[in-house]
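One file, target22.cif, is given below (mmCIF, C-alpha atoms and all ligand atoms).
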data_data
#
loop_
_atom_site.label_atom_id
_atom_site.label_comp_id
_atom_site.auth_asym_id
_atom_site.auth_seq_id
_atom_site.Cartn_x
_atom_site.Cartn_y
_atom_site.Cartn_z
CA MET A 110 18.92 -13.71 8.97
CA SER A 111 15.56 -14.32 10.60
CA ILE A 112 12.61 -12.21 9.49
CA SER A 113 9.28 -11.84 11.22
CA LYS A 114 6.50 -13.22 9.04
CA THR A 115 3.73 -11.30 10.81
CA ILE A 116 3.06 -7.66 11.49
CA THR A 117 0.65 -5.90 13.85
CA ILE A 118 -1.32 -2.84 12.79
CA GLY A 119 -2.40 -0.72 15.75
CA ALA A 120 -0.10 -2.57 18.14
CA ASN A 121 -0.46 0.17 20.78
CA THR A 122 -4.29 0.25 20.63
CA ASP A 123 -7.15 -1.79 22.14
CA GLU A 124 -7.77 -3.52 18.82
CA PRO A 125 -4.42 -4.61 17.33
CA LEU A 126 -4.65 -6.57 14.08
CA THR A 127 -1.91 -9.16 13.47
CA ILE A 128 -1.58 -10.40 9.92
CA LYS A 129 0.91 -12.09 7.60
CA ARG A 130 3.64 -9.59 6.68
CA PHE A 131 2.82 -9.68 3.00
CA GLY A 132 -0.14 -8.01 1.37
CA TYR A 133 -1.57 -7.35 -2.04
CA GLY A 134 -2.25 -4.03 -3.84
CA THR A 135 -5.28 -4.02 -6.14
CA MET A 136 -4.55 -1.01 -8.37
CA ARG A 137 -3.34 -3.18 -11.27
CA LEU A 138 -6.69 -4.98 -11.45
CA THR A 139 -8.26 -2.02 -13.25
CA ALA A 140 -7.69 -1.25 -16.91
CA GLU A 141 -4.83 1.11 -17.82
CA HIS A 142 -3.60 3.74 -15.34
CA GLY A 143 -5.72 2.64 -12.40
CA TRP A 144 -9.02 3.35 -14.12
CA GLY A 145 -11.80 1.31 -15.74
CA GLU A 146 -13.07 -2.26 -15.68
CA PRO A 147 -10.42 -5.02 -15.76
CA LYS A 148 -9.36 -6.39 -19.13
CA ASP A 149 -9.87 -9.90 -17.75
CA LYS A 150 -12.41 -9.92 -14.93
CA ASP A 151 -12.15 -13.69 -14.30
CA GLU A 152 -8.42 -13.38 -13.79
CA ALA A 153 -8.93 -10.39 -11.45
CA LEU A 154 -11.36 -12.40 -9.30
CA LYS A 155 -8.95 -15.36 -9.30
CA VAL A 156 -6.09 -13.16 -8.07
CA LEU A 157 -8.25 -11.82 -5.22
CA LYS A 158 -9.39 -15.32 -4.22
CA ALA A 159 -5.77 -16.50 -4.33
CA THR A 160 -4.79 -13.90 -1.73
CA ILE A 161 -7.03 -15.50 0.91
CA GLU A 162 -6.18 -19.05 -0.21
CA ASN A 163 -2.52 -18.21 0.37
CA GLY A 164 -3.06 -16.75 3.83
CA ILE A 165 -2.72 -13.12 2.71
CA SER A 166 -5.04 -10.95 4.75
CA PHE A 167 -4.00 -7.40 3.87
CA ILE A 168 -5.54 -5.95 0.69
CA ASP A 169 -4.95 -2.35 -0.39
CA THR A 170 -7.61 -0.55 -2.41
CA ALA A 171 -9.20 2.88 -3.09
CA ASP A 172 -12.53 4.10 -4.40
CA PHE A 173 -10.59 6.08 -7.00
CA TYR A 174 -9.24 2.85 -8.51
CA GLY A 175 -12.03 2.56 -10.87
CA GLU A 176 -14.21 4.30 -10.16
CA ASP A 177 -14.94 1.85 -7.37
CA VAL A 178 -13.70 -0.94 -9.63
CA THR A 179 -11.36 -2.63 -7.17
CA ASN A 180 -13.76 -2.18 -4.24
CA ARG A 181 -16.52 -3.88 -6.22
CA LEU A 182 -14.19 -6.69 -7.31
CA ILE A 183 -13.07 -7.28 -3.72
CA ALA A 184 -16.68 -7.55 -2.54
CA GLU A 185 -17.59 -9.83 -5.45
CA ALA A 186 -14.63 -12.16 -4.87
CA LEU A 187 -14.39 -12.20 -1.09
CA TYR A 188 -17.64 -11.12 0.60
CA PRO A 189 -18.62 -12.37 3.19
CA TYR A 190 -15.11 -11.64 4.40
CA ALA A 191 -12.85 -13.84 6.47
CA ASP A 192 -12.63 -12.57 10.06
CA ASP A 193 -8.95 -11.74 9.75
CA LEU A 194 -9.16 -9.88 6.41
CA LEU A 195 -7.71 -6.39 6.77
CA LEU A 196 -9.05 -4.21 3.97
CA CYS A 197 -7.14 -0.95 3.66
CA THR A 198 -8.42 1.95 1.60
CA LYS A 199 -7.25 5.51 1.04
CA VAL A 200 -8.98 8.85 0.66
CA GLY A 201 -7.84 12.32 -0.31
CA PRO A 202 -7.90 12.42 -4.12
CA ALA A 203 -10.68 11.85 -6.63
CA ARG A 204 -10.61 11.13 -10.34
CA THR A 205 -13.05 11.48 -13.20
CA SER A 206 -13.60 9.41 -16.30
CA LEU A 207 -11.02 11.69 -17.93
CA ARG A 208 -8.56 9.99 -15.54
CA ASP A 209 -7.45 13.32 -14.18
CA TRP A 210 -6.69 13.80 -10.48
CA HIS A 211 -8.41 16.25 -8.13
CA PHE A 212 -8.01 17.24 -4.53
CA PHE A 213 -10.85 15.60 -2.60
CA ASP A 214 -9.56 16.35 0.85
CA LYS A 215 -11.95 18.90 2.34
CA PRO A 216 -13.64 17.48 5.45
CA GLU A 217 -16.94 16.96 3.61
CA ASN A 218 -15.14 15.24 0.71
CA LEU A 219 -13.38 12.82 3.05
CA ARG A 220 -16.70 11.95 4.68
CA THR A 221 -18.22 11.30 1.24
CA SER A 222 -15.30 9.01 0.30
CA ILE A 223 -15.47 7.06 3.54
CA GLU A 224 -19.22 6.51 3.09
CA LYS A 225 -18.62 5.39 -0.51
CA ASN A 226 -15.88 2.96 0.56
CA LEU A 227 -18.09 1.56 3.33
CA ALA A 228 -20.90 0.98 0.82
CA THR A 229 -18.88 -0.55 -2.01
CA LEU A 230 -16.76 -2.69 0.30
CA LYS A 231 -19.90 -3.73 2.25
CA LEU A 232 -18.34 -2.84 5.58
CA GLU A 233 -19.67 -1.18 8.72
CA ARG A 234 -16.17 -0.10 9.74
CA ILE A 235 -13.02 0.04 7.62
CA PRO A 236 -10.09 -1.70 9.35
CA LEU A 237 -7.46 0.74 8.04
CA VAL A 238 -7.68 3.99 6.08
CA HIS A 239 -4.77 6.07 4.82
CA PHE A 240 -5.28 9.78 4.31
CA ARG A 241 -3.45 10.19 0.99
CA TYR A 242 -1.97 13.65 0.88
CA MET A 243 -1.70 15.51 -2.42
CA PRO A 244 1.01 18.20 -2.25
CA GLY A 245 -0.28 21.65 -3.19
CA SER A 246 -3.76 21.15 -1.80
CA PRO A 247 -5.52 24.34 -0.67
CA THR A 248 -6.99 22.41 2.29
CA PRO A 249 -4.61 22.49 5.25
CA PHE A 250 -3.24 19.03 6.07
CA GLU A 251 -4.39 19.46 9.70
CA ALA A 252 -8.00 20.17 8.63
CA SER A 253 -8.13 16.92 6.64
CA MET A 254 -6.54 14.92 9.43
CA GLU A 255 -8.92 16.39 12.02
CA GLU A 256 -11.84 15.07 9.99
CA MET A 257 -10.16 11.67 9.64
CA PHE A 258 -9.76 11.42 13.41
CA LYS A 259 -13.41 12.46 13.77
CA LEU A 260 -14.48 9.68 11.39
CA GLN A 261 -12.40 7.28 13.46
CA GLN A 262 -14.06 8.43 16.70
CA GLU A 263 -17.46 7.88 15.04
CA GLY A 264 -16.46 4.25 14.44
CA LYS A 265 -16.34 4.36 10.65
CA ILE A 266 -12.58 3.68 10.68
CA LEU A 267 -10.69 1.37 13.04
CA HIS A 268 -7.07 2.37 12.35
CA LEU A 269 -5.88 5.54 10.66
CA GLY A 270 -2.68 6.06 8.69
CA VAL A 271 -1.22 8.50 6.18
CA SER A 272 0.07 8.15 2.63
CA CYS A 273 2.31 10.10 0.26
CA VAL A 274 3.66 12.15 3.14
CA GLY A 275 6.94 13.93 3.55
CA VAL A 276 8.66 14.50 6.87
CA GLN A 277 6.63 17.65 7.49
CA GLU A 278 3.21 16.02 7.11
CA LEU A 279 4.18 12.89 9.03
CA THR A 280 5.50 15.00 11.92
CA LYS A 281 2.25 17.01 11.97
CA ALA A 282 0.16 13.82 11.89
CA LEU A 283 2.12 12.24 14.75
CA ASN A 284 1.49 15.34 16.84
CA MET A 285 -2.27 15.02 16.24
CA GLY A 286 -2.89 11.42 17.27
CA ASN A 287 -2.12 7.75 16.78
CA ILE A 288 -0.85 6.94 13.29
CA ALA A 289 -1.19 3.21 12.61
CA SER A 290 0.78 3.03 9.36
CA VAL A 291 2.36 4.96 6.51
CA GLU A 292 1.87 4.09 2.82
CA ASN A 293 4.64 5.73 0.82
CA ALA A 294 6.78 4.98 -2.22
CA PHE A 295 9.76 2.95 -1.01
CA GLY A 296 11.83 0.10 -2.37
CA TYR A 297 15.30 -1.17 -3.14
CA GLY A 298 15.66 1.17 -6.11
CA GLN A 299 13.66 4.08 -4.72
CA ARG A 300 14.89 5.57 -1.52
CA THR A 301 15.43 9.18 -2.59
CA THR A 302 13.08 11.79 -4.08
CA PHE A 303 12.28 11.23 -7.76
CA GLN A 304 9.97 12.54 -10.48
CA MET A 305 7.03 10.51 -11.78
CA HIS A 306 4.65 11.88 -14.45
CA GLY A 307 5.98 15.38 -13.68
CA VAL A 308 5.21 15.03 -9.96
CA GLU A 309 7.86 14.95 -7.26
CA VAL A 310 7.64 11.77 -5.17
CA ARG A 311 9.04 12.66 -1.75
CA GLY A 312 9.40 11.23 1.71
CA LEU A 313 11.25 8.01 0.97
CA GLN A 314 14.22 7.06 3.19
CA GLU A 315 13.64 9.96 5.57
CA VAL A 316 10.02 8.89 6.19
CA MET A 317 11.08 5.25 6.53
CA ASP A 318 13.55 6.36 9.23
CA ILE A 319 10.80 8.15 11.17
CA CYS A 320 8.65 5.01 10.93
CA ILE A 321 11.51 2.93 12.36
CA ASP A 322 12.09 5.42 15.19
CA ASN A 323 8.37 5.38 16.07
CA LYS A 324 7.74 1.65 15.30
CA ILE A 325 5.13 2.50 12.67
CA PRO A 326 4.44 -0.13 9.98
CA MET A 327 5.38 1.02 6.46
CA VAL A 328 3.28 -0.15 3.49
CA PRO A 329 5.51 0.59 0.49
CA TYR A 330 4.19 1.04 -3.03
CA TRP A 331 5.90 1.03 -6.45
CA SER A 332 8.51 -1.32 -5.00
CA LEU A 333 8.61 -3.37 -8.20
CA GLN A 334 8.00 -0.93 -11.00
CA ASN A 335 10.90 1.27 -9.86
CA ALA A 336 12.92 -1.60 -8.48
CA LYS A 337 16.19 -1.18 -10.33
CA ALA A 338 18.65 1.17 -8.71
CA GLU A 339 20.41 3.07 -11.48
CA GLY A 340 23.46 1.36 -12.95
CA GLU A 341 23.08 -1.62 -10.64
CA ASP A 342 22.75 -5.33 -11.16
CA LYS A 343 23.26 -6.46 -7.58
CA ILE A 344 19.68 -7.73 -7.41
CA ALA A 345 20.43 -9.89 -10.47
CA VAL A 346 23.52 -11.29 -8.75
CA ILE A 347 21.52 -12.34 -5.68
CA ALA A 348 18.68 -13.66 -7.86
CA LYS A 349 21.22 -15.90 -9.60
CA LYS A 350 22.64 -17.05 -6.26
CA TYR A 351 19.17 -18.22 -5.13
CA ASN A 352 18.13 -19.39 -8.60
CA THR A 353 15.09 -17.14 -8.49
CA SER A 354 13.70 -14.00 -10.12
CA GLU A 355 14.77 -10.39 -9.58
CA THR A 356 11.18 -9.58 -8.59
CA ILE A 357 11.36 -12.09 -5.75
CA ILE A 358 14.70 -10.69 -4.54
CA ASN A 359 13.31 -7.15 -4.62
CA LEU A 360 10.42 -8.24 -2.41
CA ALA A 361 12.73 -10.33 -0.18
CA TRP A 362 14.93 -7.24 0.24
CA LEU A 363 11.89 -5.30 1.54
CA LEU A 364 11.04 -8.12 3.96
CA HIS A 365 14.60 -8.21 5.29
CA TYR A 366 15.22 -4.47 5.31
CA ASN A 367 13.02 -3.97 8.36
CA ASP A 368 10.31 -6.00 10.14
CA LEU A 369 8.04 -2.93 9.97
CA ILE A 370 7.69 -3.25 6.19
CA LEU A 371 4.49 -4.80 4.80
CA PRO A 372 4.97 -5.20 1.02
CA ILE A 373 1.87 -4.88 -1.21
CA PRO A 374 3.10 -5.76 -4.71
CA GLY A 375 0.47 -5.12 -7.37
CA THR A 376 -0.31 -7.49 -10.20
CA SER A 377 -3.17 -8.28 -12.54
CA LYS A 378 -1.91 -11.82 -13.11
CA LEU A 379 -2.35 -14.95 -11.03
CA LYS A 380 1.00 -16.27 -12.28
CA HIS A 381 2.77 -13.15 -10.98
CA PHE A 382 0.90 -13.24 -7.66
CA GLU A 383 2.00 -16.85 -7.15
CA GLU A 384 5.58 -15.88 -7.97
CA ASN A 385 5.60 -12.85 -5.66
CA ILE A 386 4.53 -14.68 -2.50
CA LYS A 387 7.57 -16.93 -2.87
CA ALA A 388 9.57 -13.97 -1.54
CA LEU A 389 8.44 -15.09 1.91
CA ASP A 390 10.52 -18.28 1.47
CA VAL A 391 13.79 -16.52 0.61
CA ASN A 392 16.16 -16.17 3.55
CA LEU A 393 18.73 -13.56 2.66
CA THR A 394 21.89 -13.60 4.76
CA GLN A 395 23.41 -10.59 6.47
CA GLU A 396 26.14 -10.68 3.79
CA ASP A 397 23.48 -10.61 1.03
CA MET A 398 21.88 -7.55 2.63
CA GLN A 399 25.24 -5.83 3.05
CA PHE A 400 26.12 -6.60 -0.58
CA LEU A 401 22.78 -5.22 -1.80
CA GLY A 402 23.19 -2.15 0.38
N1 LIG A 501 -0.84 5.31 -1.75
C1 LIG A 501 -0.60 5.57 -3.01
O1 LIG A 501 -0.59 6.71 -3.44
C2 LIG A 501 -0.33 4.44 -3.97
C3 LIG A 501 0.26 4.72 -5.21
C4 LIG A 501 0.52 3.67 -6.07
C5 LIG A 501 0.18 2.38 -5.69
N2 LIG A 501 -0.41 2.13 -4.49
C6 LIG A 501 -0.76 0.74 -4.08
O2 LIG A 501 0.44 -0.01 -4.09
C7 LIG A 501 0.26 -1.19 -4.88
C8 LIG A 501 1.59 -1.55 -5.54
O3 LIG A 501 1.95 -0.55 -6.48
P1 LIG A 501 1.87 -0.79 -8.06
O4 LIG A 501 0.94 -1.93 -8.34
O5 LIG A 501 1.57 0.51 -8.67
O6 LIG A 501 3.35 -1.10 -8.44
P2 LIG A 501 4.38 -2.28 -8.12
O7 LIG A 501 3.84 -3.24 -7.11
O8 LIG A 501 5.68 -1.66 -7.89
O9 LIG A 501 4.52 -2.98 -9.53
C9 LIG A 501 3.43 -3.52 -10.22
C10 LIG A 501 3.93 -3.79 -11.64
O10 LIG A 501 4.83 -4.91 -11.59
C11 LIG A 501 4.32 -5.94 -12.43
N3 LIG A 501 4.56 -7.21 -11.73
C12 LIG A 501 4.09 -7.62 -10.54
N4 LIG A 501 4.56 -8.84 -10.23
C13 LIG A 501 5.37 -9.22 -11.26
C14 LIG A 501 6.14 -10.38 -11.53
N5 LIG A 501 6.19 -11.40 -10.67
N6 LIG A 501 6.85 -10.41 -12.70
C15 LIG A 501 6.81 -9.39 -13.57
N7 LIG A 501 6.10 -8.25 -13.38
C16 LIG A 501 5.37 -8.16 -12.22
C17 LIG A 501 2.85 -5.67 -12.61
O11 LIG A 501 2.43 -6.10 -13.89
P3 LIG A 501 1.37 -7.33 -14.05
O12 LIG A 501 0.03 -6.78 -13.76
O13 LIG A 501 1.58 -7.71 -15.47
O14 LIG A 501 1.81 -8.40 -13.10
C18 LIG A 501 2.83 -4.14 -12.57
O15 LIG A 501 3.13 -3.61 -13.83
C19 LIG A 501 -0.84 -0.80 -5.89
O16 LIG A 501 -1.42 -1.92 -6.48
C20 LIG A 501 -1.74 0.03 -5.02
O17 LIG A 501 -2.62 -0.82 -4.29
C21 LIG A 501 -0.64 3.14 -3.62
#
Show me this structure written as structure tokens.
Ligand SMILES: NC(=O)c1ccc[n+]([C@@H]2O[C@H](COP(=O)([O-])OP(=O)(O)OC[C@H]3O[C@@H](n4cnc5c(N)ncnc54)[C@H](OP(=O)(O)O)[C@@H]3O)[C@@H](O)[C@H]2O)c1
Amino acid sequence: MSISKTITIGANTDEPLTIKRFGYGTMRLTAEHGWGEPKDKDEALKVLKATIENGISFIDTADFYGEDVTNRLIAEALYPYADDLLLCTKVGPARTSLRDWHFFDKPENLRTSIEKNLATLKLERIPLVHFRYMPGSPTPFEASMEEMFKLQQEGKILHLGVSCVGVQELTKALNMGNIASVENAFGYGQRTTFQMHGVEVRGLQEVMDICIDNKIPMVPYWSLQNAKAEGEDKIAVIAKKYNTSETIINLAWLLHYNDLILPIPGTSKLKHFEENIKALDVNLTQEDMQFLG
């Protein structure tokens, strides 16, 4: 089964960005629960440098990983940036040192976050920003998206996507303008709505299907931590067949499931990063994919 090893963000725009179809998510570089300075800063900088050394040019971050921790680490490790580096951040929530989550999606909040990301990432324009929706927000989704499009028109953002959306929000967003990508929970073991920390995680398979219909790249998160489908060991069977790890087969499944998927596995460890990119070398057959289901 042949898989495409590249993906284009903004394919239908004047400034398409073609990158390797494998990225890296920085959230695990912070201390516990996406907050605080890394336990091992040297290792964190090594992981970031290894992304570029291995031809990875898509890095996912957020100013609320930190606060600003991952943005500062990225700048420290990689600035001045390679021309083809696609830094992707997200706005919509904010956190405090109490690690609690707040809506930060009013137009003026979004502007503040974009300015903060531009400053900490040392960028004049952010290549890709996801508006990360938080269900229950008093700010109408359309009002937030309008401001995001405005920020894009002002040149602060090149490509705009959405994150944590259900069918309803994605449909609204598509009616408002060009959506370059979607960043949602999706993976072998997570394709239907589930609960995480008392919050409903929605928009899995049904959002993936809309992305396929509209040829929109999908940047899936939590593909490893929730990898095991309940009562299943099919991944283990295929891992044994290829004499490799279950993690690698989970990532290979994403790469084979659809060419629109751009995996961004998160890790704080160089050893794990080096293992994860080996997924690009696994060629699953059609029978393997049918068996995995
Ligand atoms: N848009 C959103 O709302 C949203 C939400 C969550 C995450 N994200 C983004 O998506 C990225 C991925 O999500 P995630 O990091 O939360 O979860 P993930 O990629 O599903 O899993 C990361 C976990 O797997 C472990 N791991 C990674 N590689 C491994 C390996 N080879 N062997 C064993 N364990 C391994 C990591 O631990 P070690 O550190 O020990 O390797 C970590 O505990 C994040 O980093 C973040 O950038 C976005």
Once 8 Å is added on each side, what centre and edge lengths in Å to one decimal does the axis-aligned box around all listed atoms of region 250-260 of chain A have, as JSON?
{"center_x": -8.9, "center_y": 14.9, "center_z": 9.9, "size_x": 27.2, "size_y": 26.5, "size_z": 23.7}
List as an mmCIF file with C-alpha atoms, in the coordinates of the input the protein and nucleic acid residues near region 276-282 of chain A, meaning an atom at most 7 Å away when all atoms listed in the file are counted, but skip any in the same chain fewer than 6 places from it.
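Output file part-v2.cif follows:
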data_model
loop_
_atom_site.group_PDB
_atom_site.id
_atom_site.type_symbol
_atom_site.label_atom_id
_atom_site.label_comp_id
_atom_site.auth_asym_id
_atom_site.auth_seq_id
_atom_site.Cartn_x
_atom_site.Cartn_y
_atom_site.Cartn_z
ATOM 1 C CA GLY A 312 9.400 11.230 1.710
ATOM 2 C CA GLU A 315 13.640 9.960 5.570
ATOM 3 C CA VAL A 316 10.020 8.890 6.190
#
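Shell of Ala159 (chain A) at 10 Å, with only C-alpha atoms counted and residues fewer than 4 places along the chain excluded, is A:Ala153, A:Leu154, A:Lys155, A:Asn163, A:Gly164, A:Ile165, A:Ala186, A:Leu379, A:Phe382, A:Glu383.
Take the candidates A:Leu333, A:Leu371, A:Leu219, A:Leu401 and check each one against ligand LIG 501 (chain A) using all atoms listed in the file; the shortest distance goes to A:Leu333.
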Hey, could you make a per-residue contact list for chain A against ligand LIG 501 (chain A) with 6 Å as the cut-off, showing the nearest pair of atoms and its distance in Å to one decimal, counting all atoms listed in the file, sorted by chain and number, as a Markdown table?
| residue | atom | partner | partner_atom | distance |
| --- | --- | --- | --- | --- |
| A:Gly134 | CA | A:LIG501 | O17 | 3.3 |
| A:Thr135 | CA | A:LIG501 | O16 | 4.4 |
| A:Met136 | CA | A:LIG501 | O16 | 3.8 |
| A:Arg137 | CA | A:LIG501 | O16 | 5.3 |
| A:Asp169 | CA | A:LIG501 | O17 | 4.8 |
| A:Thr170 | CA | A:LIG501 | O17 | 5.3 |
| A:Ser272 | CA | A:LIG501 | N1 | 5.3 |
| A:Cys273 | CA | A:LIG501 | O1 | 5.8 |
| A:Glu292 | CA | A:LIG501 | N1 | 5.5 |
| A:Tyr330 | CA | A:LIG501 | O2 | 4.0 |
| A:Trp331 | CA | A:LIG501 | O8 | 3.1 |
| A:Ser332 | CA | A:LIG501 | O8 | 4.1 |
| A:Leu333 | CA | A:LIG501 | O8 | 3.4 |
| A:Gln334 | CA | A:LIG501 | O8 | 3.9 |
| A:Thr356 | CA | A:LIG501 | N5 | 5.7 |
| A:Ile373 | CA | A:LIG501 | C7 | 5.4 |
| A:Pro374 | CA | A:LIG501 | O7 | 3.6 |
| A:Gly375 | CA | A:LIG501 | O4 | 3.4 |
| A:Thr376 | CA | A:LIG501 | O12 | 3.6 |
| A:Ser377 | CA | A:LIG501 | O12 | 3.7 |
| A:Lys378 | CA | A:LIG501 | O14 | 5.1 |
| A:His381 | CA | A:LIG501 | N5 | 3.9 |
| A:Glu384 | CA | A:LIG501 | N5 | 5.3 |
| A:Asn385 | CA | A:LIG501 | N5 | 5.2 |
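Across the model, the gap from CA of Arg234 (chain A) to CA of Leu267 (chain A) is 6.6 Å.
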Exercise: residues within 8 Å of coordinate (-2.2, 14.4, 2.1), counting only C-alpha atoms, as a list in words: Gly201, Asp214, Phe240, Arg241, Tyr242, Met243, Pro244, Ser246, Phe250, Ser253, Val271, Ser272, Cys273, Val274 and Glu278 of chain A
Long-range neighbours of Tyr351 (chain A) as a PyMOL selection string, 10 Å cut-off, all atoms listed in the file, 4 positions minimum in chain: chain A and resi 345-347+357-358+391-393
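Shortest atom-to-atom contact with Ile116 (chain A) among A:Ser354, A:Lys343, A:Gln304, A:Pro326: A:Pro326, counting all atoms listed in the file.
Note that the spacing between CA of Thr394 (chain A) and CA of Arg300 (chain A) amounts to 21.4 Å.
The interatomic distance for the pair CA of Gly270 (chain A) and CA of Gly245 (chain A) works out to 19.7 Å.
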Nearby residues, (-5.3, 5.1, -0.8) file frame, 6 Å, only C-alpha atoms, as number ranges by chain: A: 171, 198-200, 239, 241
Selection near region 235-237 of chain A, 7 Å with all atoms listed in the file, sequence-local residues under 3 positions removed, as an mmCIF file with C-alpha atoms, in the coordinates of the input:
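The result, written out as selection-v3.cif:
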data_model
loop_
_atom_site.group_PDB
_atom_site.id
_atom_site.type_symbol
_atom_site.label_atom_id
_atom_site.label_comp_id
_atom_site.auth_asym_id
_atom_site.auth_seq_id
_atom_site.Cartn_x
_atom_site.Cartn_y
_atom_site.Cartn_z
ATOM 1 C CA LEU A 195 -7.710 -6.390 6.770
ATOM 2 C CA LEU A 196 -9.050 -4.210 3.970
ATOM 3 C CA CYS A 197 -7.140 -0.950 3.660
ATOM 4 C CA THR A 198 -8.420 1.950 1.600
ATOM 5 C CA LEU A 227 -18.090 1.560 3.330
ATOM 6 C CA LEU A 232 -18.340 -2.840 5.580
ATOM 7 C CA LYS A 265 -16.340 4.360 10.650
ATOM 8 C CA ILE A 266 -12.580 3.680 10.680
ATOM 9 C CA LEU A 267 -10.690 1.370 13.040
ATOM 10 C CA HIS A 268 -7.070 2.370 12.350
ATOM 11 C CA LEU A 269 -5.880 5.540 10.660
#
Residue with smallest distance to Gln299 (chain A) - pool A:Asn335, A:Asn287, A:Ser113, A:Asn180, counting only C-alpha atoms: A:Asn335
